[in-house]
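The file query-v4.txt contains compact mmCIF, C-alpha atoms:
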```txt
# COMPACT_ATOMS: atom_id res chain seq x y z
CA MET H 1293 0.00 0.00 0.00
CA SER H 1294 3.04 2.25 0.03
CA THR H 1295 2.19 3.99 -3.21
CA SER H 1296 3.84 7.08 -4.54
CA ALA H 1297 0.43 8.74 -4.57
CA HIS H 1298 1.15 9.87 -1.03
CA SER H 1299 3.91 12.19 -1.96
CA HIS H 1300 2.65 15.34 -0.35
CA ALA H 1301 4.79 16.79 2.38
CA GLY H 1302 4.55 15.32 5.85
CA HIS H 1303 2.69 12.21 4.75
CA ASN H 1304 4.26 8.88 5.63
CA PRO H 1305 4.77 6.84 2.41
CA TYR H 1306 3.91 3.62 4.28
CA LEU H 1307 0.55 4.92 5.43
CA ALA H 1308 -2.28 3.36 3.39
CA HIS H 1309 -4.76 5.94 2.09
CA HIS H 1310 -7.72 4.54 4.05
CA PHE H 1311 -6.04 5.17 7.42
CA GLU H 1312 -5.63 8.50 9.13
CA SER H 1313 -2.39 7.75 10.91
CA MET H 1314 0.29 5.09 11.25
CA GLU H 1315 -0.98 4.52 14.77
CA GLN H 1316 -4.46 3.75 13.45
CA GLN H 1317 -3.02 1.53 10.71
CA LYS H 1318 -1.01 -0.45 13.26
CA GLU H 1319 -4.00 -0.76 15.60
CA ALA H 1320 -6.17 -2.10 12.76
CA ALA H 1321 -3.55 -4.71 11.82
CA THR H 1322 -3.15 -5.76 15.46
CA LEU H 1323 -6.89 -6.04 16.07
CA GLY H 1324 -7.38 -8.04 12.88
CA MET H 1325 -4.74 -10.51 14.02
CA TRP H 1326 -6.20 -10.79 17.52
CA LEU H 1327 -9.62 -11.43 16.02
CA PHE H 1328 -8.12 -14.29 14.05
CA LEU H 1329 -6.45 -15.57 17.23
CA ALA H 1330 -9.76 -15.35 19.14
CA GLN H 1331 -11.17 -17.64 16.45
CA GLU H 1332 -8.19 -19.95 16.98
CA VAL H 1333 -8.88 -20.01 20.73
CA MET H 1334 -12.44 -21.11 19.93
CA PHE H 1335 -11.16 -23.77 17.51
CA PHE H 1336 -8.66 -25.26 19.97
CA GLY H 1337 -11.12 -24.55 22.82
CA GLY H 1338 -13.54 -27.10 21.35
CA LEU H 1339 -10.75 -29.69 21.31
CA PHE H 1340 -9.66 -28.87 24.87
CA CYS H 1341 -13.27 -29.15 26.03
CA ALA H 1342 -13.61 -32.58 24.37
CA TYR H 1343 -10.32 -33.57 26.02
CA ALA H 1344 -11.56 -32.43 29.45
CA VAL H 1345 -14.85 -34.33 29.17
CA ASN H 1346 -13.11 -37.53 28.08
CA ARG H 1347 -10.47 -37.30 30.79
CA PHE H 1348 -13.25 -36.71 33.31
CA MET H 1349 -15.12 -39.79 32.06
CA TYR H 1350 -12.15 -42.16 31.63
CA PRO H 1351 -9.45 -41.17 34.14
CA ASP H 1352 -7.83 -44.64 34.18
CA ALA H 1353 -7.39 -44.75 30.41
CA TRP H 1354 -6.02 -41.20 30.44
CA SER H 1355 -3.53 -42.12 33.14
CA MET H 1356 -2.53 -45.30 31.28
CA GLY H 1357 -2.14 -43.56 27.93
CA SER H 1358 -0.20 -40.67 29.41
CA GLY H 1359 2.14 -43.09 31.16
CA SER H 1360 3.32 -44.39 27.78
CA LEU H 1361 4.29 -40.91 26.52
CA SER H 1362 7.90 -39.79 26.92
CA ILE H 1363 8.30 -36.85 29.32
CA PRO H 1364 11.93 -36.11 28.23
CA ILE H 1365 10.86 -35.83 24.57
CA GLY H 1366 7.84 -33.68 25.48
CA ALA H 1367 10.00 -31.45 27.71
CA PHE H 1368 12.69 -31.16 25.02
CA ASN H 1369 10.09 -30.04 22.48
CA THR H 1370 8.65 -27.54 24.99
CA VAL H 1371 12.10 -25.97 25.37
CA VAL H 1372 12.53 -25.90 21.57
CA LEU H 1373 9.20 -24.10 21.14
CA LEU H 1374 9.89 -21.58 23.93
CA LEU H 1375 13.25 -20.83 22.30
CA SER H 1376 11.54 -20.33 18.93
CA SER H 1377 9.15 -17.83 20.56
CA PHE H 1378 12.22 -15.98 21.81
CA THR H 1379 13.86 -15.95 18.35
CA VAL H 1380 10.67 -14.69 16.69
CA ALA H 1381 10.44 -11.94 19.34
CA LEU H 1382 14.03 -10.97 18.48
CA ALA H 1383 13.07 -10.89 14.78
CA VAL H 1384 10.33 -8.38 15.71
CA TYR H 1385 12.83 -6.30 17.70
CA ASN H 1386 15.36 -6.24 14.86
CA THR H 1387 12.66 -5.25 12.36
CA GLN H 1388 11.68 -2.37 14.64
CA ILE H 1389 15.26 -1.10 14.88
CA GLY H 1390 15.88 -1.67 11.16
CA ASN H 1391 18.51 -4.43 11.31
CA SER H 1392 17.32 -6.52 8.33
CA LYS H 1393 20.24 -8.97 8.36
CA ARG H 1394 19.40 -9.98 11.90
CA VAL H 1395 15.72 -10.30 10.97
CA VAL H 1396 16.65 -12.87 8.32
CA TYR H 1397 18.92 -14.63 10.82
CA PHE H 1398 16.28 -14.89 13.54
CA LEU H 1399 13.52 -15.94 11.14
CA ILE H 1400 15.75 -18.75 9.82
CA LEU H 1401 16.55 -19.76 13.41
CA THR H 1402 12.80 -19.84 14.17
CA LEU H 1403 12.21 -22.07 11.14
CA VAL H 1404 15.04 -24.42 12.17
CA LEU H 1405 13.65 -24.71 15.72
CA GLY H 1406 10.12 -25.30 14.37
CA ILE H 1407 11.34 -28.03 12.02
CA THR H 1408 13.27 -29.59 14.92
CA PHE H 1409 10.04 -29.77 16.94
CA VAL H 1410 8.03 -31.46 14.18
CA THR H 1411 10.88 -33.83 13.25
CA VAL H 1412 11.36 -34.96 16.86
CA LYS H 1413 7.60 -35.44 17.10
CA TRP H 1414 7.46 -37.56 13.97
CA ILE H 1415 10.55 -39.72 14.53
CA TRP H 1416 10.32 -40.34 18.29
CA GLU H 1417 6.61 -39.95 18.99
CA TYR H 1418 4.23 -40.59 16.08
CA SER H 1419 6.24 -43.17 14.17
CA PRO H 1420 6.95 -45.67 17.01
CA LYS H 1421 3.30 -45.51 18.10
CA ILE H 1422 1.98 -46.21 14.61
CA ASP H 1423 4.46 -49.11 14.24
CA ALA H 1424 3.31 -50.58 17.58
CA GLY H 1425 -0.38 -50.44 16.64
CA VAL H 1426 -1.04 -47.50 18.97
CA PHE H 1427 -3.02 -45.51 16.43
CA PRO H 1428 -6.82 -45.13 16.54
CA GLY H 1429 -8.92 -46.62 13.79
CA SER H 1430 -9.33 -49.99 12.10
CA HIS H 1431 -5.70 -50.95 12.81
CA TRP H 1432 -5.90 -50.19 16.52
CA GLY H 1433 -4.27 -52.85 18.71
CA PRO H 1434 -1.14 -52.29 20.79
CA ASN H 1435 1.40 -54.99 19.97
CA PRO H 1436 2.00 -57.01 23.19
CA ALA H 1437 5.55 -57.80 21.99
CA ASP H 1438 6.50 -54.13 21.72
CA HIS H 1439 9.05 -53.31 24.43
CA HIS H 1440 7.55 -49.89 25.18
CA TYR H 1441 3.87 -49.97 24.20
CA GLY H 1442 3.34 -53.69 24.91
CA LYS H 1443 1.94 -52.99 28.40
CA LEU H 1444 -0.99 -51.14 26.78
CA ALA H 1445 -2.21 -54.41 25.20
CA SER H 1446 -3.24 -55.88 28.56
CA PHE H 1447 -5.16 -52.79 29.67
CA ALA H 1448 -8.83 -53.70 30.12
CA GLN H 1449 -10.42 -50.50 28.77
CA GLN H 1450 -9.18 -50.65 25.16
CA GLY H 1451 -12.03 -48.38 23.92
CA PRO H 1452 -11.23 -45.45 26.23
CA LEU H 1453 -7.50 -45.99 25.64
CA GLU H 1454 -8.06 -45.73 21.90
CA LEU H 1455 -10.06 -42.57 22.59
CA PHE H 1456 -7.08 -41.16 24.52
CA PHE H 1457 -4.79 -41.73 21.55
CA PHE H 1458 -7.43 -40.37 19.18
CA MET H 1459 -7.46 -37.12 21.19
CA TYR H 1460 -3.66 -37.20 21.43
CA PHE H 1461 -3.12 -37.52 17.69
CA LEU H 1462 -5.92 -35.06 16.88
CA MET H 1463 -4.75 -32.30 19.20
CA THR H 1464 -0.98 -32.64 18.83
CA GLY H 1465 -1.48 -33.24 15.09
CA MET H 1466 -3.58 -30.09 14.74
CA HIS H 1467 -0.90 -28.23 16.68
CA ALA H 1468 1.84 -29.61 14.40
CA PHE H 1469 -0.29 -28.67 11.37
CA HIS H 1470 -0.37 -25.08 12.65
CA MET H 1471 3.41 -25.16 12.91
CA ILE H 1472 3.71 -26.42 9.33
CA ILE H 1473 1.52 -23.51 8.19
CA GLY H 1474 3.97 -21.31 10.12
CA PHE H 1475 6.87 -22.85 8.14
CA ALA H 1476 5.11 -21.94 4.87
CA ILE H 1477 4.65 -18.34 6.05
CA LEU H 1478 8.31 -18.20 7.15
CA LEU H 1479 9.43 -19.43 3.74
CA VAL H 1480 7.69 -16.36 2.28
CA LEU H 1481 8.85 -13.92 4.99
CA ILE H 1482 12.54 -14.92 4.96
CA PRO H 1483 13.14 -13.93 1.27
CA MET H 1484 11.07 -10.78 1.85
CA ALA H 1485 13.23 -9.85 4.84
CA TRP H 1486 16.32 -10.64 2.74
CA MET H 1487 15.05 -8.18 0.11
CA ASP H 1488 14.66 -5.57 2.86
CA LYS H 1489 10.87 -5.40 2.65
CA PHE H 1490 10.49 -4.79 6.39
CA GLY H 1491 11.69 -1.99 8.61
CA PRO H 1492 10.85 0.36 11.48
CA GLN H 1493 7.82 1.65 9.55
CA ARG H 1494 6.84 -1.72 8.10
CA TYR H 1495 7.10 -4.22 10.92
CA MET H 1496 3.45 -5.28 11.31
CA THR H 1497 3.78 -8.35 9.02
CA ILE H 1498 6.60 -9.73 11.18
CA MET H 1499 4.77 -8.65 14.34
CA ASN H 1500 1.57 -10.44 13.28
CA PHE H 1501 3.47 -13.57 12.27
CA GLY H 1502 5.03 -13.42 15.73
CA LEU H 1503 1.56 -13.27 17.30
CA TYR H 1504 0.57 -16.40 15.37
CA TRP H 1505 3.76 -18.23 16.34
CA HIS H 1506 3.41 -17.30 20.03
CA PHE H 1507 -0.20 -18.48 19.99
CA VAL H 1508 0.89 -21.90 18.67
CA ASP H 1509 3.47 -21.93 21.48
CA ILE H 1510 0.73 -21.24 24.06
CA VAL H 1511 -1.31 -24.18 22.74
CA TRP H 1512 1.70 -26.46 23.33
CA VAL H 1513 2.21 -24.98 26.81
CA PHE H 1514 -1.18 -26.52 27.68
CA LEU H 1515 -0.84 -29.70 25.62
CA PHE H 1516 2.42 -30.67 27.36
CA PRO H 1517 1.12 -31.03 30.96
CA MET H 1518 -2.31 -32.22 29.79
CA TYR H 1519 -0.92 -35.18 27.84
CA TYR H 1520 2.51 -35.97 29.25
CA LEU H 1521 2.14 -35.11 32.93
CA ILE H 1522 -1.02 -36.92 34.08
CA PRO H 1523 -0.45 -38.45 37.53
CA GLN H 1524 -0.09 -42.23 37.38
CA ALA H 1525 -2.51 -44.47 39.27
CA GLY H 1526 0.21 -46.44 41.05
CA GLY H 1527 2.53 -43.51 41.73
CA HIS H 1528 5.64 -42.91 39.64
CA MET S 1006 -3.41 20.07 11.25
CA GLU S 1007 -2.42 20.15 14.88
CA HIS S 1008 -4.40 16.95 15.34
CA HIS S 1009 -2.36 15.23 12.62
CA LEU S 1010 0.94 16.43 14.06
CA LYS S 1011 -0.04 15.04 17.42
CA GLU S 1012 -0.73 11.64 15.87
CA HIS S 1013 2.64 11.59 14.14
CA ILE S 1014 4.36 11.96 17.49
CA HIS S 1015 2.70 8.70 18.62
CA GLU S 1016 3.78 6.82 15.51
CA ALA S 1017 6.95 5.49 17.11
CA PRO S 1018 6.31 1.81 17.93
CA HIS S 1019 6.80 0.44 21.39
CA ILE S 1020 10.10 -1.39 21.21
CA VAL S 1021 10.64 -4.19 23.71
CA THR S 1022 14.36 -4.81 24.26
CA PRO S 1023 16.08 -8.21 23.90
CA LYS S 1024 16.90 -8.03 27.62
CA VAL S 1025 13.18 -8.05 28.51
CA TYR S 1026 12.56 -10.90 26.06
CA ALA S 1027 15.49 -12.86 27.54
CA MET S 1028 14.16 -12.36 31.08
CA ASN S 1029 10.76 -13.59 29.93
CA LEU S 1030 12.35 -16.67 28.35
CA THR S 1031 14.16 -17.39 31.64
CA VAL S 1032 10.92 -17.15 33.62
CA LEU S 1033 9.24 -19.47 31.09
CA GLY S 1034 12.10 -21.96 31.44
CA VAL S 1035 11.78 -21.94 35.24
CA LEU S 1036 8.00 -22.43 35.01
CA MET S 1037 8.52 -25.34 32.61
CA ALA S 1038 10.94 -26.99 35.04
CA LEU S 1039 8.41 -26.38 37.82
CA THR S 1040 5.64 -28.15 35.85
CA VAL S 1041 7.80 -31.26 35.45
CA ALA S 1042 8.94 -31.06 39.11
CA VAL S 1043 5.33 -30.93 40.36
CA TYR S 1044 4.57 -34.09 38.36
CA TYR S 1045 7.39 -36.00 40.07
CA ILE S 1046 6.73 -34.59 43.54
CA HIS S 1047 3.07 -35.66 43.46
CA LEU S 1048 0.96 -33.49 45.73
CA GLY S 1049 -0.89 -36.48 47.15
CA ASN S 1050 -4.06 -35.81 45.22
CA ASN S 1051 -4.59 -36.02 41.46
CA VAL S 1052 -6.90 -33.00 41.43
CA LEU S 1053 -4.24 -30.90 43.20
CA ASN S 1054 -1.64 -32.02 40.67
CA LEU S 1055 -3.95 -31.11 37.80
CA ALA S 1056 -4.70 -27.73 39.36
CA ALA S 1057 -0.98 -27.02 39.85
CA ALA S 1058 -0.20 -28.00 36.23
CA LEU S 1059 -2.98 -25.77 34.90
CA ILE S 1060 -2.04 -22.81 37.11
CA ILE S 1061 1.57 -23.02 35.89
CA ALA S 1062 0.38 -23.34 32.26
CA CYS S 1063 -1.81 -20.24 32.75
CA ALA S 1064 1.18 -18.36 34.21
CA LYS S 1065 3.24 -19.33 31.15
CA MET S 1066 0.42 -18.22 28.84
CA THR S 1067 0.30 -14.86 30.65
CA CYS S 1068 4.08 -14.38 30.27
CA ILE S 1069 3.93 -15.18 26.55
CA ALA S 1070 0.89 -12.97 25.92
CA LEU S 1071 2.01 -9.96 27.98
CA ILE S 1072 5.67 -9.79 26.90
CA PHE S 1073 6.23 -11.78 23.69
CA MET S 1074 2.85 -10.77 22.22
CA HIS S 1075 3.12 -7.18 23.51
CA VAL S 1076 -0.33 -7.23 25.14
CA ARG S 1077 1.14 -5.33 28.10
CA TRP S 1078 1.73 -2.33 25.84
CA SER S 1079 -1.39 -2.75 23.70
CA SER S 1080 -4.64 -0.77 23.64
CA LYS S 1081 -7.61 -1.65 25.82
CA LEU S 1082 -9.43 -2.78 22.69
CA THR S 1083 -6.67 -5.32 22.02
CA TRP S 1084 -7.03 -6.54 25.61
CA ALA S 1085 -10.75 -7.02 24.99
CA PHE S 1086 -10.09 -8.97 21.77
CA ALA S 1087 -7.44 -11.11 23.46
CA GLY S 1088 -9.76 -11.83 26.39
CA ALA S 1089 -12.84 -12.53 24.26
CA GLY S 1090 -11.71 -15.96 23.07
CA LEU S 1091 -10.75 -17.05 26.58
CA PHE S 1092 -14.02 -15.76 27.99
CA TRP S 1093 -15.97 -17.78 25.41
CA PHE S 1094 -13.88 -20.85 26.20
CA MET S 1095 -14.71 -20.46 29.92
CA ILE S 1096 -18.43 -20.28 29.11
CA MET S 1097 -18.17 -23.46 27.05
CA LEU S 1098 -16.26 -25.33 29.77
CA THR S 1099 -18.63 -24.16 32.52
CA TYR S 1100 -21.82 -25.14 30.70
CA THR S 1101 -20.39 -28.43 29.48
CA PHE S 1102 -19.22 -29.46 32.94
CA ALA S 1103 -22.40 -28.21 34.60
CA ASP S 1104 -24.03 -30.91 32.50
CA TYR S 1105 -21.48 -33.73 32.84
CA ALA S 1106 -20.86 -33.21 36.54
CA THR S 1107 -24.54 -33.47 37.39
CA ARG S 1108 -25.54 -36.20 34.93
CA TYR S 1109 -23.94 -39.04 36.90
CA ASP S 1110 -24.18 -39.86 40.56
CA TRP S 1111 -20.50 -39.56 41.28
CA HIS S 1112 -18.85 -38.90 44.60
CA SER S 1113 -15.81 -37.46 42.93
CA PRO S 1114 -15.19 -36.76 39.27
CA PHE S 1115 -11.76 -38.35 39.39
CA ILE S 1116 -12.60 -41.58 41.19
CA THR S 1117 -15.44 -43.32 39.40
CA ALA S 1118 -16.00 -43.66 35.68
CA PRO S 1119 -19.01 -44.86 33.74
CA PRO S 1120 -18.53 -47.70 31.25
CA PHE S 1121 -17.30 -46.71 27.81
CA GLY S 1122 -20.16 -45.25 25.84
CA GLY S 1123 -22.20 -44.68 28.99
```

Show me this structure written as structure tokens.
Amino acid sequence: MSTSAHSHAGHNPYLAHHFESMEQQKEAATLGMWLFLAQEVMFFGGLFCAYAVNRFMYPDAWSMGSGSLSIPIGAFNTVVLLLSSFTVALAVYNTQIGNSKRVVYFLILTLVLGITFVTVKWIWEYSPKIDAGVFPGSHWGPNPADHHYGKLASFAQQGPLELFFFMYFLMTGMHAFHMIIGFAILLVLIPMAWMDKFGPQRYMTIMNFGLYWHFVDIVWVFLFPMYYLIPQAGGH
Amino acid sequence: MEHHLKEHIHEAPHIVTPKVYAMNLTVLGVLMALTVAVYYIHLGNNVLNLAAALIIACAKMTCIALIFMHVRWSSKLTWAFAGAGLFWFMIMLTYTFADYATRYDWHSPFITAPPFGG
């Protein structure tokens, strides 16, 4: 929107013609993003509500299912995501002070951390479960011979246990899907930052991407204790 | 004209320094360690453990929203937008659990469970 039409003296070239001031333009962009995030809260809210009801109904299955998840892997991924929130915040800072090289650097770092999260999730979480028959649907059936998931085979409430893993794959999968959308956005933003398209007057795109990324981080902040840290029936 | 000049003065964005971001990251790291620690300590009651985990998660959410997402320095309207989704979520949880918690004759929600499908 930074057209040359706004060439008269005192008018900011980055101010779109339908806004009165940069302040108003920034406020509109921020509110639009928060409205989108409010919708995202409602979307994930439905899933969290379904999770809460099912955990309330089948506490034993939830405890059993949670006990088979790896806390070190979940904790590692939490740290990776928190670090990526930090790097995206630094990308916002460097855009605001006009250091484009650092913006590119921190956006790439954010992408690398995001890919690390999803890769760890796929290789050490999703893949072994699918191989061991711990995946909801027609192929459900934990393999008793599996050294890690074998104990799930003898659990009496197979239906609720399958429901636990259905919720697990649905919610963490939807979270990972949001991250992958973030990667696609980053792959557009990184070349743009490289071409110096952002700066102290044009930082809202990076700022709004940051809002999205932080929101995805917040979702994980809840998913981690709700799936990995459920107290075990027989103590630890 | 004076009105416009006044607005231009406020055009400078609020810049949060890397030091503040780094402090926030440290707090988040400590809270994360605390969540895992609470799990291993076991407070003697599953409901207490769940409450502790959720309170810590809410504290982390607040840190991320206020500092990383700049809500602390945002307009009141942004606060309202940010709170709207959460408020709706609370309504949904309250009404849903008002139904589930009273539908069965349970002594405690975390002790007894109905059969699958029940």

- [ ] Find the residues near Gln1524 of chain H: any atom within 9 Å, counting all atoms listed in the file, skip ones fewer than 6 places away on the same chain, and give them as a PyMOL selection string.
- [x] (chain H and resi 1352+1355-1356+1358-1359) or (chain S and resi 1051)

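Point (13.3, -17.6, 25.8) has the following residues at most 8 Å away: Leu1374, Leu1375, Ser1376, Ser1377, Phe1378 and Thr1379 of chain H; Tyr1026, Ala1027, Met1028, Asn1029, Leu1030, Thr1031, Leu1033 and Gly1034 of chain S (atoms considered: all atoms listed in the file).
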
Open item on the list: With distances taken over only C-alpha atoms, which residue among H:His1467, H:Lys1318, H:Lys1443, H:Lys1421 lies nearest chain S?
Closed with: H:Lys1318

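Take atom CA of Trp1486 of chain H and atom CA of Asp1509 of chain H: the distance between them is 25.4 Å.
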
What are the closest atom pairs, with distances in Å to one decimal, for each residue of chain H lying within 7 Å of chain S, using all atoms listed in the file, rows by chain and rising residue number, as a tab-separated table?
```
residue	atom	partner	partner_atom	distance
H:Ser1313	CA	S:Glu1012	CA	6.5
H:Met1314	CA	S:Glu1016	CA	5.8
H:Glu1315	CA	S:Glu1016	CA	5.3
H:Leu1323	CA	S:Thr1083	CA	6.0
H:Trp1326	CA	S:Phe1086	CA	6.0
H:Leu1327	CA	S:Phe1086	CA	6.3
H:Ala1330	CA	S:Gly1090	CA	4.4
H:Gln1331	CA	S:Gly1090	CA	6.9
H:Val1333	CA	S:Gly1090	CA	5.5
H:Met1334	CA	S:Gly1090	CA	6.1
H:Gly1337	CA	S:Phe1094	CA	5.7
H:Cys1341	CA	S:Leu1098	CA	6.1
H:Phe1348	CA	S:Pro1114	CA	6.3
H:Met1349	CA	S:Ala1118	CA	5.4
H:Tyr1350	CA	S:Ala1118	CA	5.8
H:Pro1351	CA	S:Phe1115	CA	6.4
H:Phe1378	CA	S:Leu1030	CA	6.6
H:Ala1381	CA	S:Phe1073	CA	6.1
H:Leu1382	CA	S:Pro1023	CA	6.4
H:Tyr1385	CA	S:Ile1020	CA	6.6
H:Gln1388	CA	S:Ile1020	CA	6.8
H:Gly1451	CA	S:Phe1121	CA	6.8
H:Pro1452	CA	S:Phe1121	CA	6.4
H:Leu1503	CA	S:Met1074	CA	5.7
H:His1506	CA	S:Ile1069	CA	6.9
H:Ile1510	CA	S:Met1066	CA	5.7
H:Val1513	CA	S:Ala1062	CA	6.0
H:Phe1514	CA	S:Ala1062	CA	5.8
H:Pro1517	CA	S:Ala1058	CA	6.2
H:Leu1521	CA	S:Tyr1044	CA	6.0
H:Pro1523	CA	S:Asn1051	CA	6.2
```

Where is the centre and how long are the edges: axis-aligned box on segment 1455-1462 of chain H, 3 Å on each side, Å to one decimal, as AutoDock Vina command-line options:
```
--center_x -6.6 --center_y -38.8 --center_z 20.7 --size_x 12.9 --size_y 13.5 --size_z 13.6
```

TODO: For atom CA of Phe1490 of chain H and atom CA of Phe1469 of chain H, quote the distance in Å rounded to one decimal.
DONE: 26.7 Å

Open item on the list: as number ranges by chain, please: the residues near segment 1430-1437 of chain H (cut-off 9 Å, all atoms listed in the file, same-chain neighbours under 6 positions excluded).
Closed with: H: 1421, 1423-1424, 1443-1446, 1450, 1454

Task: One-decimal distance in Å that lies between atom CA of Val1511 of chain H and atom CA of Met1466 of chain H - done: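 We find that atom CA of Met1466 of chain H and atom CA of Val1511 of chain H lie 10.2 Å from each other.
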
Open item on the list: When you look at segment 1472-1479 of chain H with a cut-off of 12 Å (counting all atoms listed in the file), what residues show up, excluding the ones that are within fewer than 4 positions of it in the same chain? I need them as number ranges by chain.
Closed with: H: 1376, 1380, 1383, 1395-1411, 1465-1468, 1483-1486, 1497-1498, 1500-1509

Write the residues of the selection above to a file with C-alpha atoms, as a PDB file, in the coordinates of the input.
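And here is the file that came out, selection04.pdb:
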```pdb
ATOM      1  CA  SER H1376      11.540 -20.330  18.930  1.00  0.00           C
ATOM      2  CA  VAL H1380      10.670 -14.690  16.690  1.00  0.00           C
ATOM      3  CA  ALA H1383      13.070 -10.890  14.780  1.00  0.00           C
ATOM      4  CA  VAL H1395      15.720 -10.300  10.970  1.00  0.00           C
ATOM      5  CA  VAL H1396      16.650 -12.870   8.320  1.00  0.00           C
ATOM      6  CA  TYR H1397      18.920 -14.630  10.820  1.00  0.00           C
ATOM      7  CA  PHE H1398      16.280 -14.890  13.540  1.00  0.00           C
ATOM      8  CA  LEU H1399      13.520 -15.940  11.140  1.00  0.00           C
ATOM      9  CA  ILE H1400      15.750 -18.750   9.820  1.00  0.00           C
ATOM     10  CA  LEU H1401      16.550 -19.760  13.410  1.00  0.00           C
ATOM     11  CA  THR H1402      12.800 -19.840  14.170  1.00  0.00           C
ATOM     12  CA  LEU H1403      12.210 -22.070  11.140  1.00  0.00           C
ATOM     13  CA  VAL H1404      15.040 -24.420  12.170  1.00  0.00           C
ATOM     14  CA  LEU H1405      13.650 -24.710  15.720  1.00  0.00           C
ATOM     15  CA  GLY H1406      10.120 -25.300  14.370  1.00  0.00           C
ATOM     16  CA  ILE H1407      11.340 -28.030  12.020  1.00  0.00           C
ATOM     17  CA  THR H1408      13.270 -29.590  14.920  1.00  0.00           C
ATOM     18  CA  PHE H1409      10.040 -29.770  16.940  1.00  0.00           C
ATOM     19  CA  VAL H1410       8.030 -31.460  14.180  1.00  0.00           C
ATOM     20  CA  THR H1411      10.880 -33.830  13.250  1.00  0.00           C
ATOM     21  CA  GLY H1465      -1.480 -33.240  15.090  1.00  0.00           C
ATOM     22  CA  MET H1466      -3.580 -30.090  14.740  1.00  0.00           C
ATOM     23  CA  HIS H1467      -0.900 -28.230  16.680  1.00  0.00           C
ATOM     24  CA  ALA H1468       1.840 -29.610  14.400  1.00  0.00           C
ATOM     25  CA  PRO H1483      13.140 -13.930   1.270  1.00  0.00           C
ATOM     26  CA  MET H1484      11.070 -10.780   1.850  1.00  0.00           C
ATOM     27  CA  ALA H1485      13.230  -9.850   4.840  1.00  0.00           C
ATOM     28  CA  TRP H1486      16.320 -10.640   2.740  1.00  0.00           C
ATOM     29  CA  THR H1497       3.780  -8.350   9.020  1.00  0.00           C
ATOM     30  CA  ILE H1498       6.600  -9.730  11.180  1.00  0.00           C
ATOM     31  CA  ASN H1500       1.570 -10.440  13.280  1.00  0.00           C
ATOM     32  CA  PHE H1501       3.470 -13.570  12.270  1.00  0.00           C
ATOM     33  CA  GLY H1502       5.030 -13.420  15.730  1.00  0.00           C
ATOM     34  CA  LEU H1503       1.560 -13.270  17.300  1.00  0.00           C
ATOM     35  CA  TYR H1504       0.570 -16.400  15.370  1.00  0.00           C
ATOM     36  CA  TRP H1505       3.760 -18.230  16.340  1.00  0.00           C
ATOM     37  CA  HIS H1506       3.410 -17.300  20.030  1.00  0.00           C
ATOM     38  CA  PHE H1507      -0.200 -18.480  19.990  1.00  0.00           C
ATOM     39  CA  VAL H1508       0.890 -21.900  18.670  1.00  0.00           C
ATOM     40  CA  ASP H1509       3.470 -21.930  21.480  1.00  0.00           C
TER      41      ASP H1509
END
```

- [ ] Find the spatial neighbours of Ala1353 of chain H, counting only C-alpha atoms, within a cut-off of 7 Å - ignore same-chain residues fewer than 5 positions away - and output them as a PyMOL selection string.
- [x] chain H and resi 1449+1452-1453+1456

- [ ] Compare H:Leu1515, H:Met1471, H:Met1463, H:Met1499 by their minimum atom-to-atom distance to Leu1339 of chain H, counting all atoms listed in the file, and give me the closest one.
- [x]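 Among H:Leu1515, H:Met1471, H:Met1463, H:Met1499, it is H:Met1463 that comes nearest to Leu1339 of chain H.
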